[in-house]
$ cat query28.txt   # compact mmCIF, N, CA and C atoms
# COMPACT_ATOMS: atom_id res chain seq x y z
N MET A 168 -11.05 11.00 -29.02
CA MET A 168 -10.63 10.07 -27.98
C MET A 168 -9.12 10.22 -27.77
N LEU A 169 -8.72 10.20 -26.51
CA LEU A 169 -7.30 10.36 -26.17
C LEU A 169 -6.52 9.09 -26.43
N ASN A 170 -5.28 9.23 -26.88
CA ASN A 170 -4.42 8.06 -27.00
C ASN A 170 -3.72 7.83 -25.65
N ASP A 171 -2.97 6.73 -25.53
CA ASP A 171 -2.34 6.38 -24.25
C ASP A 171 -1.38 7.44 -23.76
N ALA A 172 -0.60 8.01 -24.65
CA ALA A 172 0.36 9.05 -24.24
C ALA A 172 -0.37 10.26 -23.68
N GLN A 173 -1.48 10.63 -24.31
CA GLN A 173 -2.26 11.77 -23.82
C GLN A 173 -2.90 11.47 -22.46
N ILE A 174 -3.36 10.25 -22.27
CA ILE A 174 -3.95 9.85 -20.99
C ILE A 174 -2.90 9.91 -19.89
N ILE A 175 -1.73 9.37 -20.15
CA ILE A 175 -0.66 9.39 -19.15
C ILE A 175 -0.26 10.82 -18.84
N THR A 176 -0.14 11.65 -19.85
CA THR A 176 0.19 13.06 -19.62
C THR A 176 -0.88 13.71 -18.75
N HIS A 177 -2.13 13.43 -19.04
CA HIS A 177 -3.24 13.97 -18.24
C HIS A 177 -3.18 13.45 -16.80
N LEU A 178 -2.94 12.15 -16.64
CA LEU A 178 -2.87 11.58 -15.30
C LEU A 178 -1.73 12.17 -14.49
N LEU A 179 -0.61 12.45 -15.15
CA LEU A 179 0.53 13.00 -14.44
C LEU A 179 0.27 14.41 -13.92
N LYS A 180 -0.75 15.07 -14.43
CA LYS A 180 -1.12 16.39 -13.93
C LYS A 180 -1.98 16.30 -12.67
N ASN A 181 -2.49 15.10 -12.36
CA ASN A 181 -3.27 14.89 -11.14
C ASN A 181 -2.31 14.95 -9.95
N PRO A 182 -2.59 15.81 -8.96
CA PRO A 182 -1.66 15.97 -7.84
C PRO A 182 -1.32 14.68 -7.09
N LEU A 183 -2.31 13.79 -6.89
CA LEU A 183 -2.02 12.53 -6.21
C LEU A 183 -1.13 11.64 -7.05
N VAL A 184 -1.41 11.55 -8.33
CA VAL A 184 -0.58 10.73 -9.22
C VAL A 184 0.84 11.28 -9.24
N GLU A 185 0.96 12.58 -9.38
CA GLU A 185 2.27 13.23 -9.40
C GLU A 185 3.03 12.97 -8.10
N ALA A 186 2.35 13.11 -6.96
CA ALA A 186 3.01 12.92 -5.67
C ALA A 186 3.43 11.48 -5.45
N PHE A 187 2.51 10.53 -5.69
CA PHE A 187 2.86 9.13 -5.50
C PHE A 187 3.97 8.70 -6.45
N THR A 188 3.92 9.16 -7.68
CA THR A 188 4.95 8.81 -8.66
C THR A 188 6.31 9.31 -8.20
N ALA A 189 6.38 10.53 -7.74
CA ALA A 189 7.65 11.09 -7.26
C ALA A 189 8.18 10.29 -6.07
N VAL A 190 7.30 9.90 -5.17
CA VAL A 190 7.71 9.13 -3.99
C VAL A 190 8.28 7.79 -4.42
N PHE A 191 7.60 7.10 -5.32
CA PHE A 191 8.05 5.76 -5.71
C PHE A 191 9.32 5.78 -6.54
N GLU A 192 9.60 6.88 -7.18
CA GLU A 192 10.85 6.98 -7.94
C GLU A 192 12.04 7.24 -7.05
N SER A 193 11.80 7.57 -5.76
CA SER A 193 12.91 7.99 -4.92
C SER A 193 13.19 7.14 -3.68
N ASN A 194 12.34 6.20 -3.32
CA ASN A 194 12.51 5.49 -2.05
C ASN A 194 12.32 3.98 -2.17
N ASN A 195 12.82 3.26 -1.13
CA ASN A 195 12.64 1.82 -1.04
C ASN A 195 11.63 1.41 0.02
N SER A 196 11.47 2.21 1.05
CA SER A 196 10.46 1.95 2.07
C SER A 196 9.75 3.27 2.34
N PHE A 197 8.56 3.18 2.90
CA PHE A 197 7.72 4.34 2.93
C PHE A 197 7.09 4.57 4.29
N ASP A 198 7.44 5.68 4.88
CA ASP A 198 6.90 6.14 6.15
C ASP A 198 5.58 6.84 5.84
N TYR A 199 4.53 6.53 6.59
CA TYR A 199 3.24 7.13 6.29
C TYR A 199 3.29 8.65 6.40
N LYS A 200 4.14 9.18 7.28
CA LYS A 200 4.24 10.64 7.42
C LYS A 200 4.84 11.26 6.15
N MET A 201 5.83 10.59 5.58
CA MET A 201 6.45 11.05 4.35
C MET A 201 5.46 10.98 3.19
N LEU A 202 4.70 9.89 3.12
CA LEU A 202 3.68 9.76 2.09
C LEU A 202 2.63 10.87 2.25
N SER A 203 2.21 11.10 3.50
CA SER A 203 1.21 12.13 3.78
C SER A 203 1.70 13.50 3.35
N LYS A 204 2.94 13.81 3.68
CA LYS A 204 3.51 15.11 3.32
C LYS A 204 3.57 15.26 1.80
N SER A 205 3.95 14.19 1.11
CA SER A 205 4.08 14.24 -0.34
C SER A 205 2.74 14.49 -1.05
N VAL A 206 1.69 13.86 -0.54
CA VAL A 206 0.38 14.00 -1.21
C VAL A 206 -0.46 15.12 -0.61
N GLY A 207 -0.02 15.68 0.52
CA GLY A 207 -0.74 16.79 1.13
C GLY A 207 -1.99 16.40 1.89
N ILE A 208 -2.07 15.15 2.29
CA ILE A 208 -3.22 14.63 3.04
C ILE A 208 -2.69 13.73 4.15
N ASP A 209 -3.25 13.82 5.35
CA ASP A 209 -2.85 12.90 6.42
C ASP A 209 -3.44 11.53 6.07
N LEU A 210 -2.56 10.58 5.79
CA LEU A 210 -2.99 9.27 5.30
C LEU A 210 -3.16 8.22 6.39
N TYR A 211 -2.86 8.55 7.65
CA TYR A 211 -2.86 7.53 8.70
C TYR A 211 -4.20 6.79 8.78
N ASP A 212 -5.30 7.52 8.85
CA ASP A 212 -6.60 6.86 8.96
C ASP A 212 -6.91 6.02 7.72
N HIS A 213 -6.51 6.50 6.55
CA HIS A 213 -6.73 5.74 5.31
C HIS A 213 -5.90 4.45 5.31
N ILE A 214 -4.65 4.55 5.76
CA ILE A 214 -3.79 3.36 5.83
C ILE A 214 -4.35 2.37 6.84
N THR A 215 -4.86 2.87 7.96
CA THR A 215 -5.44 1.99 8.98
C THR A 215 -6.64 1.22 8.42
N VAL A 216 -7.51 1.90 7.68
CA VAL A 216 -8.66 1.23 7.06
C VAL A 216 -8.17 0.20 6.05
N TRP A 217 -7.24 0.59 5.20
CA TRP A 217 -6.70 -0.30 4.17
C TRP A 217 -6.03 -1.53 4.80
N LEU A 218 -5.27 -1.34 5.88
CA LEU A 218 -4.60 -2.45 6.55
C LEU A 218 -5.57 -3.41 7.23
N SER A 219 -6.80 -3.00 7.44
CA SER A 219 -7.78 -3.83 8.13
C SER A 219 -8.67 -4.64 7.18
N GLN A 220 -8.43 -4.51 5.89
CA GLN A 220 -9.24 -5.22 4.90
C GLN A 220 -8.67 -6.60 4.60
N LYS A 221 -9.56 -7.56 4.39
CA LYS A 221 -9.13 -8.93 4.10
C LYS A 221 -8.21 -9.00 2.88
N ASP A 222 -8.54 -8.27 1.82
CA ASP A 222 -7.71 -8.30 0.61
C ASP A 222 -6.28 -7.84 0.91
N THR A 223 -6.16 -6.79 1.70
CA THR A 223 -4.84 -6.28 2.05
C THR A 223 -4.08 -7.32 2.88
N LEU A 224 -4.76 -7.92 3.86
CA LEU A 224 -4.09 -8.91 4.70
C LEU A 224 -3.70 -10.15 3.90
N CYS A 225 -4.51 -10.52 2.93
CA CYS A 225 -4.15 -11.63 2.05
C CYS A 225 -2.88 -11.29 1.27
N TYR A 226 -2.80 -10.07 0.76
CA TYR A 226 -1.62 -9.63 0.01
C TYR A 226 -0.39 -9.61 0.91
N ILE A 227 -0.54 -9.13 2.13
CA ILE A 227 0.58 -9.12 3.09
C ILE A 227 1.05 -10.55 3.33
N ALA A 228 0.12 -11.47 3.53
CA ALA A 228 0.49 -12.87 3.76
C ALA A 228 1.27 -13.44 2.57
N LEU A 229 0.82 -13.12 1.36
CA LEU A 229 1.53 -13.60 0.16
C LEU A 229 2.95 -13.03 0.10
N LEU A 230 3.09 -11.73 0.35
CA LEU A 230 4.42 -11.11 0.35
C LEU A 230 5.32 -11.74 1.41
N GLU A 231 4.77 -11.92 2.59
CA GLU A 231 5.57 -12.47 3.69
C GLU A 231 5.98 -13.92 3.41
N ARG A 232 5.06 -14.72 2.89
CA ARG A 232 5.41 -16.13 2.57
C ARG A 232 6.51 -16.20 1.52
N GLU A 233 6.50 -15.25 0.60
CA GLU A 233 7.48 -15.25 -0.48
C GLU A 233 8.87 -14.81 -0.03
N SER A 234 8.94 -13.86 0.91
CA SER A 234 10.24 -13.26 1.21
C SER A 234 10.68 -13.33 2.68
N ASN A 235 9.86 -13.89 3.54
CA ASN A 235 10.19 -13.89 4.96
C ASN A 235 10.15 -15.31 5.52
N PRO A 236 11.32 -15.94 5.69
CA PRO A 236 11.33 -17.31 6.21
C PRO A 236 10.87 -17.41 7.66
N HIS A 237 10.79 -16.29 8.36
CA HIS A 237 10.37 -16.29 9.77
C HIS A 237 8.92 -15.87 9.96
N PHE A 238 8.19 -15.74 8.86
CA PHE A 238 6.79 -15.35 8.93
C PHE A 238 5.99 -16.41 9.67
N ASN A 239 5.21 -16.00 10.65
CA ASN A 239 4.39 -16.91 11.44
C ASN A 239 2.97 -16.89 10.86
N CYS A 240 2.74 -17.78 9.92
CA CYS A 240 1.47 -17.83 9.20
C CYS A 240 0.31 -18.14 10.14
N SER A 241 0.49 -19.05 11.06
CA SER A 241 -0.62 -19.41 11.94
C SER A 241 -1.02 -18.24 12.84
N ALA A 242 -0.05 -17.45 13.31
CA ALA A 242 -0.38 -16.27 14.11
C ALA A 242 -1.09 -15.24 13.24
N PHE A 243 -0.63 -15.06 12.01
CA PHE A 243 -1.23 -14.07 11.11
C PHE A 243 -2.65 -14.46 10.73
N ASN A 244 -2.91 -15.75 10.65
CA ASN A 244 -4.24 -16.22 10.27
C ASN A 244 -5.32 -15.69 11.21
N GLY A 245 -5.00 -15.55 12.49
CA GLY A 245 -5.96 -15.00 13.44
C GLY A 245 -6.36 -13.57 13.09
N PHE A 246 -5.40 -12.77 12.65
CA PHE A 246 -5.69 -11.40 12.23
C PHE A 246 -6.52 -11.39 10.95
N TYR A 247 -6.17 -12.30 10.04
CA TYR A 247 -6.89 -12.39 8.78
C TYR A 247 -8.35 -12.78 9.02
N GLU A 248 -8.57 -13.77 9.87
CA GLU A 248 -9.92 -14.24 10.16
C GLU A 248 -10.78 -13.15 10.80
N ALA A 249 -10.18 -12.30 11.62
CA ALA A 249 -10.93 -11.23 12.30
C ALA A 249 -11.26 -10.07 11.35
N ALA A 250 -10.49 -9.93 10.28
CA ALA A 250 -10.69 -8.82 9.34
C ALA A 250 -12.05 -8.94 8.66
N GLY A 251 -12.59 -7.81 8.29
CA GLY A 251 -13.87 -7.80 7.60
C GLY A 251 -15.04 -7.55 8.53
N ALA A 252 -14.82 -7.72 9.83
CA ALA A 252 -15.89 -7.38 10.77
C ALA A 252 -16.14 -5.88 10.70
N GLU A 253 -17.34 -5.46 11.00
CA GLU A 253 -17.75 -4.07 10.81
C GLU A 253 -16.80 -3.05 11.44
N SER A 254 -16.37 -3.29 12.65
CA SER A 254 -15.53 -2.30 13.32
C SER A 254 -14.10 -2.78 13.53
N TYR A 255 -13.67 -3.75 12.73
CA TYR A 255 -12.33 -4.30 12.91
C TYR A 255 -11.25 -3.31 12.53
N SER A 256 -10.24 -3.23 13.36
CA SER A 256 -9.06 -2.43 13.07
C SER A 256 -7.85 -3.28 13.42
N LEU A 257 -6.99 -3.52 12.44
CA LEU A 257 -5.82 -4.37 12.66
C LEU A 257 -4.94 -3.79 13.76
N PRO A 258 -4.64 -4.57 14.80
CA PRO A 258 -3.68 -4.11 15.80
C PRO A 258 -2.26 -4.27 15.23
N VAL A 259 -1.80 -3.25 14.55
CA VAL A 259 -0.58 -3.33 13.75
C VAL A 259 0.62 -3.80 14.55
N SER A 260 0.88 -3.19 15.69
CA SER A 260 2.05 -3.58 16.51
C SER A 260 1.99 -5.05 16.90
N LYS A 261 0.81 -5.49 17.31
CA LYS A 261 0.64 -6.88 17.73
C LYS A 261 0.83 -7.83 16.54
N ALA A 262 0.29 -7.47 15.38
CA ALA A 262 0.44 -8.30 14.19
C ALA A 262 1.90 -8.40 13.77
N ILE A 263 2.61 -7.27 13.83
CA ILE A 263 4.03 -7.26 13.46
C ILE A 263 4.80 -8.20 14.38
N GLU A 264 4.55 -8.08 15.67
CA GLU A 264 5.28 -8.87 16.65
C GLU A 264 4.94 -10.36 16.58
N GLU A 265 3.65 -10.67 16.60
CA GLU A 265 3.24 -12.07 16.66
C GLU A 265 3.48 -12.83 15.36
N ALA A 266 3.30 -12.18 14.24
CA ALA A 266 3.47 -12.85 12.94
C ALA A 266 4.85 -12.63 12.36
N ASN A 267 5.66 -11.82 13.02
CA ASN A 267 7.02 -11.51 12.57
C ASN A 267 7.01 -10.91 11.16
N LEU A 268 6.19 -9.86 10.99
CA LEU A 268 6.07 -9.22 9.68
C LEU A 268 7.31 -8.40 9.35
N ARG A 269 7.65 -8.38 8.08
CA ARG A 269 8.75 -7.55 7.60
C ARG A 269 8.30 -6.52 6.57
N SER A 270 7.10 -6.69 6.02
CA SER A 270 6.61 -5.77 4.99
C SER A 270 5.93 -4.55 5.60
N VAL A 271 5.65 -4.62 6.89
CA VAL A 271 5.09 -3.51 7.66
C VAL A 271 5.92 -3.44 8.94
N TRP A 272 6.35 -2.26 9.32
CA TRP A 272 7.09 -2.15 10.57
C TRP A 272 6.91 -0.77 11.18
N ILE A 273 7.26 -0.69 12.44
CA ILE A 273 7.15 0.57 13.17
C ILE A 273 8.53 0.92 13.71
N GLU A 274 8.92 2.16 13.48
CA GLU A 274 10.15 2.70 14.06
C GLU A 274 9.76 3.98 14.78
N GLY A 275 9.99 4.00 16.08
CA GLY A 275 9.55 5.15 16.86
C GLY A 275 8.04 5.25 16.78
N GLU A 276 7.57 6.38 16.30
CA GLU A 276 6.12 6.55 16.16
C GLU A 276 5.68 6.53 14.70
N SER A 277 6.54 6.05 13.83
CA SER A 277 6.20 6.02 12.41
C SER A 277 5.92 4.60 11.93
N LEU A 278 4.91 4.50 11.09
CA LEU A 278 4.54 3.25 10.46
C LEU A 278 5.16 3.24 9.06
N TYR A 279 5.85 2.17 8.74
CA TYR A 279 6.51 2.03 7.44
C TYR A 279 5.88 0.88 6.66
N LEU A 280 5.87 1.04 5.34
CA LEU A 280 5.40 0.01 4.43
C LEU A 280 6.52 -0.31 3.44
N SER A 281 6.65 -1.59 3.08
CA SER A 281 7.58 -1.94 2.01
C SER A 281 7.09 -1.30 0.72
N LYS A 282 7.95 -1.27 -0.29
CA LYS A 282 7.57 -0.66 -1.56
C LYS A 282 6.35 -1.36 -2.17
N HIS A 283 6.29 -2.69 -2.09
CA HIS A 283 5.15 -3.41 -2.64
C HIS A 283 3.85 -3.02 -1.94
N LEU A 284 3.91 -2.91 -0.63
CA LEU A 284 2.69 -2.51 0.11
C LEU A 284 2.33 -1.06 -0.16
N ALA A 285 3.32 -0.21 -0.23
CA ALA A 285 3.04 1.21 -0.50
C ALA A 285 2.41 1.37 -1.88
N LEU A 286 2.87 0.63 -2.87
CA LEU A 286 2.26 0.67 -4.20
C LEU A 286 0.82 0.17 -4.16
N ASP A 287 0.59 -0.90 -3.41
CA ASP A 287 -0.77 -1.42 -3.29
C ASP A 287 -1.68 -0.39 -2.62
N PHE A 288 -1.17 0.25 -1.58
CA PHE A 288 -1.96 1.29 -0.91
C PHE A 288 -2.26 2.44 -1.88
N ALA A 289 -1.26 2.90 -2.60
CA ALA A 289 -1.45 4.02 -3.53
C ALA A 289 -2.49 3.68 -4.59
N CYS A 290 -2.46 2.44 -5.08
CA CYS A 290 -3.45 2.01 -6.07
C CYS A 290 -4.85 1.94 -5.46
N TRP A 291 -4.94 1.53 -4.20
CA TRP A 291 -6.23 1.49 -3.51
C TRP A 291 -6.75 2.90 -3.25
N PHE A 292 -5.88 3.78 -2.82
CA PHE A 292 -6.25 5.13 -2.42
C PHE A 292 -6.60 6.02 -3.62
N SER A 293 -5.87 5.85 -4.72
CA SER A 293 -6.06 6.71 -5.88
C SER A 293 -6.27 5.88 -7.15
N PRO A 294 -7.51 5.75 -7.60
CA PRO A 294 -7.75 5.02 -8.85
C PRO A 294 -6.99 5.63 -10.03
N GLU A 295 -6.77 6.95 -9.99
CA GLU A 295 -6.01 7.61 -11.06
C GLU A 295 -4.56 7.12 -11.05
N PHE A 296 -3.98 6.98 -9.85
CA PHE A 296 -2.62 6.46 -9.78
C PHE A 296 -2.59 5.01 -10.26
N LYS A 297 -3.59 4.23 -9.88
CA LYS A 297 -3.64 2.83 -10.31
C LYS A 297 -3.65 2.74 -11.83
N LEU A 298 -4.47 3.57 -12.47
CA LEU A 298 -4.53 3.58 -13.93
C LEU A 298 -3.19 3.98 -14.52
N TYR A 299 -2.59 5.04 -13.98
CA TYR A 299 -1.27 5.48 -14.46
C TYR A 299 -0.25 4.36 -14.29
N PHE A 300 -0.23 3.75 -13.11
CA PHE A 300 0.74 2.69 -12.83
C PHE A 300 0.56 1.51 -13.79
N LEU A 301 -0.68 1.07 -13.97
CA LEU A 301 -0.93 -0.06 -14.87
C LEU A 301 -0.56 0.28 -16.31
N LYS A 302 -0.89 1.48 -16.74
CA LYS A 302 -0.53 1.89 -18.10
C LYS A 302 0.99 1.97 -18.26
N SER A 303 1.67 2.47 -17.25
CA SER A 303 3.13 2.62 -17.37
C SER A 303 3.83 1.26 -17.32
N VAL A 304 3.26 0.30 -16.60
CA VAL A 304 3.86 -1.02 -16.49
C VAL A 304 3.59 -1.84 -17.76
N THR A 305 2.34 -1.78 -18.23
CA THR A 305 1.98 -2.58 -19.40
C THR A 305 2.34 -1.91 -20.71
N GLY A 306 2.45 -0.59 -20.68
CA GLY A 306 2.78 0.14 -21.90
C GLY A 306 1.62 0.28 -22.86
N LYS A 307 0.41 -0.05 -22.40
CA LYS A 307 -0.75 0.09 -23.28
C LYS A 307 -1.99 0.32 -22.47
N ALA A 308 -3.07 0.57 -23.15
CA ALA A 308 -4.34 0.83 -22.48
C ALA A 308 -4.79 -0.41 -21.72
N VAL A 309 -5.42 -0.17 -20.59
CA VAL A 309 -5.97 -1.25 -19.80
C VAL A 309 -7.40 -1.47 -20.26
N SER A 310 -7.72 -2.73 -20.62
CA SER A 310 -9.08 -2.99 -21.09
C SER A 310 -9.74 -4.07 -20.28

$ encode --input "query28.txt" --output "structure tokens"
Amino acid sequence: MLNDAQIITHLLKNPLVEAFTAVFESNNSFDYKMLSKSVGIDLYDHITVWLSQKDTLCYIALLERESNPHFNCSAFNGFYEAAGAESYSLPVSKAIEEANLRSVWIEGESLYLSKHLALDFACWFSPEFKLYFLKSVTGKAVS
């Protein structure tokens, strides 16, 4: 059986874990194009699916309530309530504008995520990265 150090060493050899780890060690905000280039996969469709999930929208609301005094919770609630429908896709630009989001933003044609959201996305997208991240934060095996 592998010990924690061996597991982390093994996880760091995973290309997605290696790419996400390098990105998070170097930046404060994350452009989806930069994330895509780092991991070698176009992540736009994956980010769109992730942004349309109720759990993700709940997390965004929590982040915004904590750090954004201009967050429009009642406007955001409409997006949250619509999430989870079979073909729902979050209208990102509209949500940013109407709810005054700061953890997600668009500059030009690029979609950006705050570091907290980018970490949440990476953990959702790569279970191996999630395990590595949790092990590195807690310093022990996750049980």

$ axis_aligned_box --input "query28.txt" --around "stretch 241-256 of chain A" --padding-each-side "5 Å" --output "JSON"
{"center_x": -8.6, "center_y": -10.9, "center_z": 10.9, "size_x": 28.2, "size_y": 27.1, "size_z": 16.5}

$ residues_around --input "query28.txt" --residues "A:Lys221" --least-positions-apart "5" --cutoff "7 Å" --atoms "all atoms listed in the file" --output "VMD selection string"
chain A and resid 226 247 250 to 251

$ atom_distance --input "query28.txt" --atom1 "atom CA of A:Glu192" --atom2 "atom CA of A:Lys282"
10.5 Å

$ atom_distance --input "query28.txt" --atom1 "atom C of A:Ile273" --atom2 "atom CA of A:Phe197"
11.3 Å

$ atom_distance --input "query28.txt" --atom1 "atom CA of A:Asp209" --atom2 "atom C of A:Ala189"
16.9 Å

$ closest_residue --input "query28.txt" --among "A:Cys225, A:Ala289, A:Leu183, A:Val271" --to "A:Gly207" --atoms "only C-alpha atoms"
A:Leu183

$ select_by_dssp --input "query28.txt" --residues "chain A" --states "alpha helix (DSSP H)" --output "PyMOL selection string"
chain A and resi 171-179+182-193+199-206+211-218+221-234+240-249+259-266+282-292+294-305

$ residues_around --input "query28.txt" --residues "A:Ile227" --least-positions-apart "5" --cutoff "8 Å" --atoms "only N, CA and C atoms" --output "list in words"
Lys221, Asp222, Arg232, Glu233, Ser270, Val271 and Leu284 of chain A
